[in-house]
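One file, coords_8.cif, is given below (mmCIF, C-alpha atoms).
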```
data_my_file
loop_
_atom_site.label_atom_id
_atom_site.label_comp_id
_atom_site.auth_asym_id
_atom_site.auth_seq_id
_atom_site.Cartn_x
_atom_site.Cartn_y
_atom_site.Cartn_z
CA MET B 1 -38.94 10.41 11.60
CA ASN B 2 -37.01 8.55 8.95
CA PRO B 3 -33.35 8.58 10.09
CA LEU B 4 -32.14 8.56 6.48
CA VAL B 5 -33.98 11.85 5.87
CA LEU B 6 -32.51 13.32 9.06
CA PHE B 7 -28.92 12.49 8.09
CA HIS B 8 -29.42 13.76 4.56
CA LEU B 9 -30.86 17.02 5.87
CA ALA B 10 -27.77 17.44 8.07
CA ALA B 11 -25.58 16.89 5.00
CA LEU B 12 -27.68 19.42 3.09
CA LEU B 13 -27.19 21.91 5.92
CA LEU B 14 -23.43 21.54 5.49
CA LEU B 15 -23.76 22.10 1.73
CA ALA B 16 -25.85 25.24 2.22
CA LEU B 17 -23.46 26.65 4.83
CA GLY B 18 -20.53 25.93 2.54
CA LEU B 19 -22.15 27.60 -0.45
CA TYR B 20 -23.05 30.61 1.65
CA GLY B 21 -19.50 30.87 2.97
CA LEU B 22 -17.94 30.36 -0.45
CA THR B 23 -19.89 33.28 -1.91
CA SER B 24 -19.72 35.65 1.06
CA ARG B 25 -16.10 35.14 2.17
CA ARG B 26 -13.52 37.53 0.82
CA THR B 27 -10.26 35.82 1.74
CA LEU B 28 -9.03 32.74 -0.08
CA VAL B 29 -8.44 30.86 3.17
CA GLY B 30 -12.02 31.53 4.28
CA MET B 31 -13.23 30.11 0.99
CA LEU B 32 -11.06 27.01 1.56
CA ILE B 33 -12.76 26.50 4.94
CA SER B 34 -16.17 26.66 3.23
CA VAL B 35 -15.11 24.08 0.63
CA GLU B 36 -14.09 21.72 3.43
CA LEU B 37 -17.57 22.12 4.95
CA MET B 38 -19.17 21.10 1.66
CA LEU B 39 -16.88 18.08 1.23
CA ASN B 40 -17.83 16.96 4.72
CA GLY B 41 -21.49 17.16 3.82
CA ALA B 42 -20.83 14.96 0.79
CA GLY B 43 -19.11 12.39 2.98
CA LEU B 44 -21.93 12.39 5.50
CA ALA B 45 -24.53 11.82 2.78
CA LEU B 46 -22.49 8.97 1.28
CA VAL B 47 -22.04 7.13 4.57
CA ALA B 48 -25.70 7.63 5.52
CA SER B 49 -26.80 6.18 2.18
CA ALA B 50 -24.47 3.22 2.59
CA ARG B 51 -25.46 2.43 6.17
CA LEU B 52 -29.24 2.93 6.03
CA THR B 53 -30.18 1.46 2.63
CA PRO B 54 -29.63 -2.03 1.22
CA ALA B 55 -26.67 -0.67 -0.79
CA SER B 56 -23.16 -2.02 -0.27
CA ASP B 57 -21.74 -0.83 3.03
CA GLU B 58 -18.09 -0.96 2.02
CA LEU B 59 -18.70 0.99 -1.17
CA GLY B 60 -20.07 4.01 0.68
CA GLN B 61 -17.57 4.00 3.52
CA LEU B 62 -14.53 3.61 1.28
CA GLY B 63 -15.92 6.20 -1.11
CA THR B 64 -16.04 8.64 1.79
CA LEU B 65 -12.48 7.67 2.70
CA LEU B 66 -11.42 8.59 -0.84
CA VAL B 67 -13.27 11.91 -0.52
CA MET B 68 -11.26 12.59 2.64
CA GLY B 69 -8.02 11.77 0.83
CA LEU B 70 -8.96 14.11 -2.00
CA ALA B 71 -9.79 16.83 0.54
CA ALA B 72 -6.34 16.46 2.07
CA ALA B 73 -4.65 16.67 -1.36
CA GLU B 74 -6.78 19.67 -2.28
CA ALA B 75 -5.95 21.48 0.97
CA THR B 76 -2.22 20.95 0.37
CA LEU B 77 -2.37 22.28 -3.15
CA VAL B 78 -4.60 25.23 -2.24
CA LEU B 79 -2.20 26.16 0.56
CA ALA B 80 0.67 26.33 -1.93
CA MET B 81 -1.42 28.28 -4.46
CA VAL B 82 -2.61 30.78 -1.84
CA LEU B 83 0.99 31.31 -0.75
CA VAL B 84 2.03 32.05 -4.33
CA ALA B 85 -0.93 34.42 -4.82
CA VAL B 86 -0.12 36.27 -1.60
CA LYS B 87 3.56 36.46 -2.53
CA ARG B 88 2.80 37.94 -5.95
CA SER B 89 0.03 40.38 -5.06
CA GLY B 90 0.43 40.95 -1.33
CA THR B 91 -3.17 40.10 -0.50
CA SER B 92 -5.43 37.07 -0.27
CA ASP B 93 -8.55 39.16 -0.79
CA SER B 94 -10.49 37.62 -3.68
CA ASP B 95 -11.90 41.02 -4.70
CA ARG B 96 -8.47 42.49 -5.23
CA LEU B 97 -6.98 39.44 -6.97
CA SER B 98 -8.23 40.38 -10.41
CA ALA B 99 -5.11 40.77 -12.56
CA LEU B 100 -4.36 37.89 -14.92
CA ARG B 101 -1.04 37.77 -16.70
CA GLY B 102 1.54 35.25 -17.74
CA MET S 1 -33.15 3.74 23.62
CA GLU S 2 -34.43 5.25 20.40
CA GLN S 3 -35.15 8.56 22.11
CA LEU S 4 -31.53 8.60 23.22
CA ALA S 5 -30.41 8.31 19.59
CA TYR S 6 -32.54 11.32 18.67
CA VAL S 7 -31.07 13.28 21.58
CA ALA S 8 -27.56 12.42 20.37
CA TYR S 9 -28.52 13.40 16.83
CA GLY S 10 -29.81 16.73 18.08
CA PHE S 11 -26.62 17.35 20.02
CA TYR S 12 -24.41 16.64 16.99
CA LEU S 13 -26.69 18.77 14.81
CA VAL S 14 -26.27 21.68 17.22
CA LEU S 15 -22.49 21.17 17.08
CA ILE S 16 -22.59 21.22 13.27
CA LEU S 17 -24.85 24.28 13.14
CA ALA S 18 -22.94 26.35 15.67
CA GLY S 19 -19.57 25.38 14.24
CA GLY S 20 -20.66 25.92 10.66
CA TRP S 21 -22.12 29.31 11.48
CA ALA S 22 -18.86 30.38 13.11
CA ALA S 23 -16.91 28.96 10.16
CA VAL S 24 -18.75 31.03 7.56
CA ARG S 25 -19.49 34.21 9.54
CA SER S 26 -16.59 34.85 11.90
CA ARG S 27 -14.40 37.82 11.02
CA ASN S 28 -11.40 36.16 12.60
CA LEU S 29 -10.18 33.28 10.46
CA VAL S 30 -8.73 31.43 13.46
CA ARG S 31 -12.20 31.45 15.03
CA ALA S 32 -13.64 30.29 11.71
CA LEU S 33 -11.17 27.41 11.74
CA LEU S 34 -12.20 26.51 15.30
CA GLY S 35 -15.81 26.51 14.08
CA LEU S 36 -14.82 24.17 11.25
CA ILE S 37 -13.14 21.81 13.75
CA MET S 38 -16.31 21.82 15.88
CA THR S 39 -18.34 20.92 12.78
CA LEU S 40 -15.91 18.12 11.94
CA PHE S 41 -16.37 16.66 15.43
CA GLY S 42 -20.14 16.89 15.00
CA VAL S 43 -19.96 14.96 11.73
CA ALA S 44 -17.69 12.39 13.39
CA GLY S 45 -20.34 11.97 16.08
CA MET S 46 -22.92 11.32 13.37
CA TYR S 47 -20.67 8.61 11.93
CA PHE S 48 -20.54 7.01 15.39
CA LEU S 49 -24.34 7.26 15.55
CA MET S 50 -24.55 5.33 12.27
CA ALA S 51 -22.28 2.62 13.72
CA ALA S 52 -19.43 3.49 11.36
CA PRO S 53 -16.65 4.01 13.93
CA PHE S 54 -13.88 3.57 11.35
CA MET S 55 -15.19 6.53 9.36
CA ALA S 56 -15.54 8.60 12.55
CA LEU S 57 -11.94 7.93 13.57
CA MET S 58 -10.68 8.60 10.04
CA GLN S 59 -12.64 11.86 10.07
CA ILE S 60 -10.91 12.95 13.27
CA LEU S 61 -7.51 11.69 12.09
CA ILE S 62 -7.52 13.16 8.58
CA TYR S 63 -9.66 16.29 8.91
CA VAL S 64 -9.01 17.44 12.46
CA GLY S 65 -5.46 16.11 12.47
CA ALA S 66 -4.15 17.01 9.03
CA VAL S 67 -6.43 19.32 7.05
CA SER S 68 -7.09 21.81 9.84
CA VAL S 69 -3.38 22.04 10.61
CA LEU S 70 -2.78 22.85 6.93
CA ILE S 71 -5.48 25.54 7.02
CA PHE S 72 -3.91 26.94 10.18
CA PHE S 73 -0.59 27.22 8.33
CA ALA S 74 -2.38 28.95 5.47
CA ILE S 75 -3.88 31.49 7.90
CA MET S 76 -0.55 32.17 9.56
CA LEU S 77 1.41 32.51 6.31
CA THR S 78 -1.01 34.89 4.57
CA ARG S 79 -1.12 37.75 7.04
CA ALA S 80 -1.38 41.18 5.48
CA PRO S 81 1.74 43.31 5.91
CA GLY S 82 1.47 45.06 9.27
CA GLY S 83 -1.88 43.45 9.97
CA GLU S 84 -2.85 40.83 12.48
CA ALA S 85 -2.81 37.29 11.11
CA GLY S 86 -6.15 35.91 10.05
CA GLU S 87 -8.25 39.08 10.20
CA GLU S 88 -10.58 39.82 7.35
CA ASP S 89 -11.12 43.44 6.36
CA ASP S 90 -12.86 45.47 9.02
CA GLY S 91 -14.98 47.40 6.54
CA PRO S 92 -18.74 46.99 6.70
CA ARG S 93 -20.05 43.97 4.88
CA PRO S 94 -22.04 45.10 1.86
CA ALA S 95 -25.64 44.08 2.35
CA ARG S 96 -25.99 43.14 -1.31
CA ARG S 97 -23.20 40.59 -1.03
CA THR S 98 -24.75 38.99 2.03
CA VAL S 99 -28.18 38.78 0.42
CA LEU S 100 -26.79 37.24 -2.76
CA ALA S 101 -24.73 34.76 -0.74
CA LEU S 102 -27.79 33.81 1.32
CA LEU S 103 -29.71 33.28 -1.90
CA SER S 104 -27.00 31.09 -3.39
CA GLY S 105 -26.95 28.97 -0.26
CA LEU S 106 -30.70 28.78 0.35
CA LEU S 107 -31.97 28.18 -3.16
CA PRO S 108 -30.24 24.82 -3.77
CA ALA S 109 -30.92 23.88 -0.15
CA VAL S 110 -34.68 24.40 -0.47
CA ILE S 111 -34.90 22.52 -3.78
CA LEU S 112 -32.79 19.61 -2.54
CA ALA S 113 -34.61 19.50 0.82
CA ALA S 114 -37.93 19.15 -0.99
CA ALA S 115 -36.44 16.35 -3.09
CA ILE S 116 -35.01 14.61 -0.01
CA VAL S 117 -38.26 14.75 1.94
CA ALA S 118 -40.31 13.59 -1.04
CA LYS S 119 -38.08 10.89 -2.50
CA THR S 120 -35.98 9.32 0.25
CA PRO S 121 -36.84 5.63 0.69
CA GLN S 122 -37.63 4.18 4.09
CA ALA S 123 -34.43 3.49 6.03
CA VAL S 124 -33.61 -0.16 6.61
CA PRO S 125 -32.78 -1.17 10.19
CA LEU S 126 -29.11 -0.49 10.93
CA LYS S 127 -26.95 -3.20 9.43
CA PRO S 128 -24.27 -4.86 11.60
CA GLU S 129 -21.06 -2.90 11.65
CA ALA S 130 -18.79 -3.71 8.69
CA PRO S 131 -15.63 -5.28 10.12
CA LEU S 132 -12.37 -3.52 9.37
CA SER S 133 -10.94 -6.61 7.68
CA ARG S 134 -13.73 -6.58 5.11
CA LEU S 135 -13.17 -2.89 4.42
CA GLY S 136 -9.49 -3.64 3.86
CA GLN S 137 -10.25 -6.54 1.54
CA PHE S 138 -12.60 -4.31 -0.42
CA LEU S 139 -9.98 -1.61 -0.67
CA THR S 140 -7.37 -3.98 -2.08
CA GLY S 141 -9.87 -5.94 -4.18
CA PRO S 142 -12.54 -4.13 -6.24
CA TYR S 143 -11.32 -0.70 -5.17
CA VAL S 144 -7.63 -1.24 -5.84
CA LEU S 145 -7.53 1.11 -8.85
CA ALA S 146 -9.08 3.97 -6.86
CA PHE S 147 -6.73 3.18 -3.99
CA GLU S 148 -3.65 3.40 -6.22
CA LEU S 149 -4.95 6.48 -8.04
CA ILE S 150 -5.49 8.41 -4.83
CA SER S 151 -1.90 7.74 -3.83
CA VAL S 152 -0.80 9.16 -7.17
CA VAL S 153 -3.07 12.18 -6.65
CA LEU S 154 -1.61 12.77 -3.19
CA LEU S 155 1.94 12.44 -4.54
CA ALA S 156 1.18 14.85 -7.38
CA ALA S 157 -0.36 17.34 -4.94
CA MET S 158 2.66 17.18 -2.63
CA ALA S 159 5.09 17.51 -5.53
CA GLY S 160 3.08 20.41 -6.93
CA ALA S 161 3.11 22.15 -3.56
CA VAL S 162 6.89 21.74 -3.33
CA VAL S 163 7.40 23.07 -6.86
CA LEU S 164 5.21 26.09 -6.16
CA GLY S 165 7.14 26.72 -2.96
CA PHE S 166 10.51 26.61 -4.78
CA GLU S 167 9.33 29.04 -7.43
CA ARG S 168 8.21 31.38 -4.69
CA ARG S 169 11.64 31.39 -3.10
CA LYS S 170 13.51 31.92 -6.38
CA GLY S 171 11.43 34.99 -7.19
CA ALA S 172 12.25 36.63 -3.85
#
```

Please render this file's structure as structure tokens.
Amino acid sequence: MNPLVLFHLAALLLLALGLYGLTSRRTLVGMLISVELMLNGAGLALVASARLTPASDELGQLGTLLVMGLAAAEATLVLAMVLVAVKRSGTSDSDRLSALRG
Amino acid sequence: MEQLAYVAYGFYLVLILAGGWAAVRSRNLVRALLGLIMTLFGVAGMYFLMAAPFMALMQILIYVGAVSVLIFFAIMLTRAPGGEAGEEDDGPRPARRTVLALLSGLLPAVILAAAIVAKTPQAVPLKPEAPLSRLGQFLTGPYVLAFELISVVLLAAMAGAVVLGFERRKGA
């Protein structure tokens, strides 16, 4: 079988798992874990496309490196935001975090 | 030799599947995080399989080394008062929620899978591994703007996290 298809299907599996987790999880940290799954799938698809097509190799690999850097920045910021949300409302349950005020 | 590559692919796919399933289904968030780490190792193995060892090592260094430690801190710092850290509610999972979540995951997956199978071009034989020096030259040459911007993004994220943390302490 075409290896490019195989790698892309693995990346798609990560996307589907992440979407499923993002919608079924109730805690904010669980949702963060699902987002990391999806970002990993994006990286896998990028590197597979760069390595197994005539496209520029460096472009794909460094693009994935930037995705990883963004994931690290996002995780830092989400950690701080979750801490603030938990401090203010006492829960990280997304169903109970419904009040919006300034 | 080619059969061996398929065996390795299957092994990494099983790692990704089992880890991902634990990451999205496990009640205990620490177990979910362990599932995520397993998935990250599986993806790193796939990078090795594609002869991109730099990406594989960066994956282990950044994701397993940094991001999962951050998530672990998030789990430990958000425990419910009196509750065990990292436990989701014990109540029964509403079936409607699970079905809708399955739908939201499966629908894009089926559409995209059909597109991938129908439209993906034939893979070229694996190119020789890009040397690290060329990656570095690329990063400081055509990609220099992205390289500088991501440092600014990281700095802004760190500063934002610190500011949020200070505000939290003042309110207490």

From the list B:Leu6, B:Leu79, B:Met1, B:Ala45, which residue is nearest chain S when using all atoms listed in the file? B:Leu79

Å distance separating atom CA of Asp93 of chain B from atom CA of Ala72 of chain B, one decimal place: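 Here the two named atoms are 23.0 Å from each other.
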
Residues in the PyMOL selection byres ((chain S and resi 97-102) around 10), expressed as an MDAnalysis selection string: (chainID B and resid 16:17 19:25) or (chainID S and resid 93:96 103:107)

When you count only C-alpha atoms, which of these residues is closest to Ala11 of chain B: B:Leu44, B:Leu37, B:Met31, B:Thr53? B:Leu44

Using only C-alpha atoms: which of S:Ala118, S:Leu126, S:Ala5, S:Val30 has the shortest distance to chain B: S:Leu126

Run the PyMOL selection byres ((chain B and resi 96) around 12) mentally over the shown coordinates, then write out the matched residues as a ChimeraX atom specification, using the chain letters and numbers from the document. /B:26-28,85-86,89-95,97-100 /S:89

Rounded to one decimal place, report the atom CA of Leu39 of chain B-atom CA of Ala18 of chain S distance in Å.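 Between atom CA of Leu39 of chain B and atom CA of Ala18 of chain S the gap works out to 17.7 Å.
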
Choose the residue, out of S:Pro121, S:Gly165, S:Gly160, S:Pro128, that has the smallest atom-to-atom separation from Leu77 of chain B; count only C-alpha atoms.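 Answer, going by the shortest atom-to-atom distance: S:Gly160.
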